[in-house]
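Colleague: I have a structure I would like to understand better, so I am pasting it below and will then ask my questions one at a time.
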Amino acid sequence: MKNILVTGGAGFIGSAFVRHMVNTYPDYNIICYDKLTYAGNMDNLLDVSDEENYRFERGDIADRAKVQQTLAEHQIDTIVNFAAESHVDRSILDPDAFIHTDVVGVYILLDEGRKHGVGRFCHVSTDEVYGDIEDGLSVEDDRFLPNSPYAASKAGGELMVRAYNVTYGMDTVVTRGSNTYGPYQYPEKLIPFFTTEAIDDKPLPLYGDGKQVRDWLYVDDHARGVDVVLHKGESGEAYNLAGENQRFNIDVTKRILSILDKPESLVKHVPDREGHDRRYAMTAEKVRDLGWVREYDFDKGIEATVKWYMENEWWWRKIKTGEYLEFYKQQYSERLASADES
Ligand code: NAD
Ligand code: DAU
């Protein structure tokens, strides 16, 4: 590996991965390729912007000509694909962009990567492909039962990765991460959304009874997990990157409020997300065998995260304007109004 294209590297986990790779491997050239959608943010990359082994290219993974040109220009030998539409609620409002990026974009990246002779293709997927897990833990050979348009589009993209491995012998690996949290996460996702709303004493719209379970993984552990699979994973295999930190949403919410010293009365139970998966849970046994060790348990990770949002208002206040407020209105106005009535 020498010239690595990191797609979606201006997003939350992608930027953590870029920072990790630029600092850990001075001999690699890290080329970040990102469309800069509402979720892409050059502020996430400020720490590495002056480093010699880092470059940025703005582009869409579904733009064949631009992908082709970028692969040639930077003599790319490795691709790590983080690029995606990633928010379940937005996929319920409008699935279109999810098919464009998470299915068609992945196909174009694979196809151009194969034609260009890329060595390894590492694809970042999600535990949501397994669907709702009533009990037990998902293992890598379990069947896919995605329930939201987001999860279905991620499953579609991942199956195309498999097809390119089986049919064309492309060298591919897949990671399936669990719910990730930490600094620089767009404040539409549960933890940064509730943290930044609570700082401003705004209501926290908790879906349904709040007893849904998510398995929380700190972002730097996720980034290191992708690095381990990229370097040590076996071609054609998928690896669960599980936090092994299962929590009820209501407990996560109360923890955020207690760190911020804010009252639990900010919590508003609102009508549930449509098709809401009750529980995700995986085992990380397979990737542990490659040497992945998590550094953060939930207590350490949530403290560090909430503190970061408290200390970095410059980063999130400018996001919570314009398009963000439009989405907020569409997603929460009616829900919060009906919570007030109940
Ligand atoms: P994010 O929404 O913060 O970032 C996505 C990035 O992809 C943005 O920078 C955006 O500009 C870019 N992008 C979107 N469409 C693009 C396109 N067509 N071409 C080029 N770039 C494009 O997402 P995230 O939370 O950092 O997630 C990164 C990846 O990890 C995604 O593939 C997601 O499915 C997966 N994942 C996320 C989580 C999580 O909890 N956040 C957990 C498991 C897996
Ligand atoms: O499991 C991995 C997935 O985790 C990733 O693949 C996705 O990209 C990522 O967005 C995340 O999906 P979730 O839907 O689990 O994350 P989200 O932060 O949107 O919601 C977490 C839980 O909190 C979920 O049960 C819904 C609930 N929730 C969320 C929001 C935004 C609320 O109760 N209220 C809210 O306002």
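Residue numbers start at 1 in each chain; chains themselves are named A, B, ... in the order of the structure tokens; ligands are numbered from 1 in the order shown.
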Give as a list in words the residues surrounding ligand 2 up to a distance of 6 Å, considering only C-alpha atoms and all ligand atoms.
Modeller: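 Protein and nucleic-acid residues within 6 Å of ligand 2: Ser86, His87, Val88, Thr126, Asp127, Glu128, Ser178, Asn179, Glu188, Lys189, Leu190, Pro205, Leu206, Tyr207, Gln212 and Asn249 of chain A.
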Colleague: Could I get the residue neighbourhood of ligand 1 at 8 Å, counting only C-alpha atoms and all ligand atoms, as a ChimeraX atom specification?
Modeller: /A:7-15,33-41,58-63,81-87,97,100-102,105,123-128,154,176-181,185-186,189,217
Colleague: Taking the backbone alone, and naming residues the way the document does, which bits of stretch 43-151 of chain A are strand (DSSP E or B) by DSSP, as a list in words?
Modeller: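 After running DSSP on the backbone, stretch 43-151 of chain A has strand (DSSP E or B) at Tyr54, Arg55, Phe56, Glu57, Arg58, Thr78, Ile79, Val80, Asn81, Arg120, Phe121, Cys122, His123, Val124, Ser125, Thr126 and Ser138 of chain A.
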Colleague: Mind listing the helix (DSSP H, G or I) residues of stretch 14-119 of chain A, per DSSP on the backbone, as a ChimeraX atom specification?
Modeller: /A:14-24,42-48,64-73,88-93,96-116
Colleague: Using only C-alpha atoms, which residue out of A:Glu313, A:Asp261, A:Glu57, A:Glu237 lies closest to A:His74?
Modeller: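 The shortest atom-to-atom distance to A:His74 comes from A:Glu57.
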Colleague: Between A:Arg114, A:Arg278, A:His20, A:Lys286, which residue has the minimum interatomic distance to A:Ile133, considering only C-alpha atoms?
Modeller: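 Ranked by minimum distance to A:Ile133, first place goes to A:Arg278.
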Colleague: Pick out the residues sitting within 10 Å of A:Gln68, and hand them over as an NGL selection string; count only C-alpha atoms, and ignore anything fewer than 2 positions along from it in its own chain.
Modeller: :A and (61 or 63-66 or 70-73 or 108-109 or 111-113 or 115-116)
Colleague: With only C-alpha atoms as the counted atoms, please give the residues lying no more than 8 Å from A:Phe248, apart from itself and same-chain residues fewer than 6 positions off, as number ranges by chain.
Modeller: A: 210-214
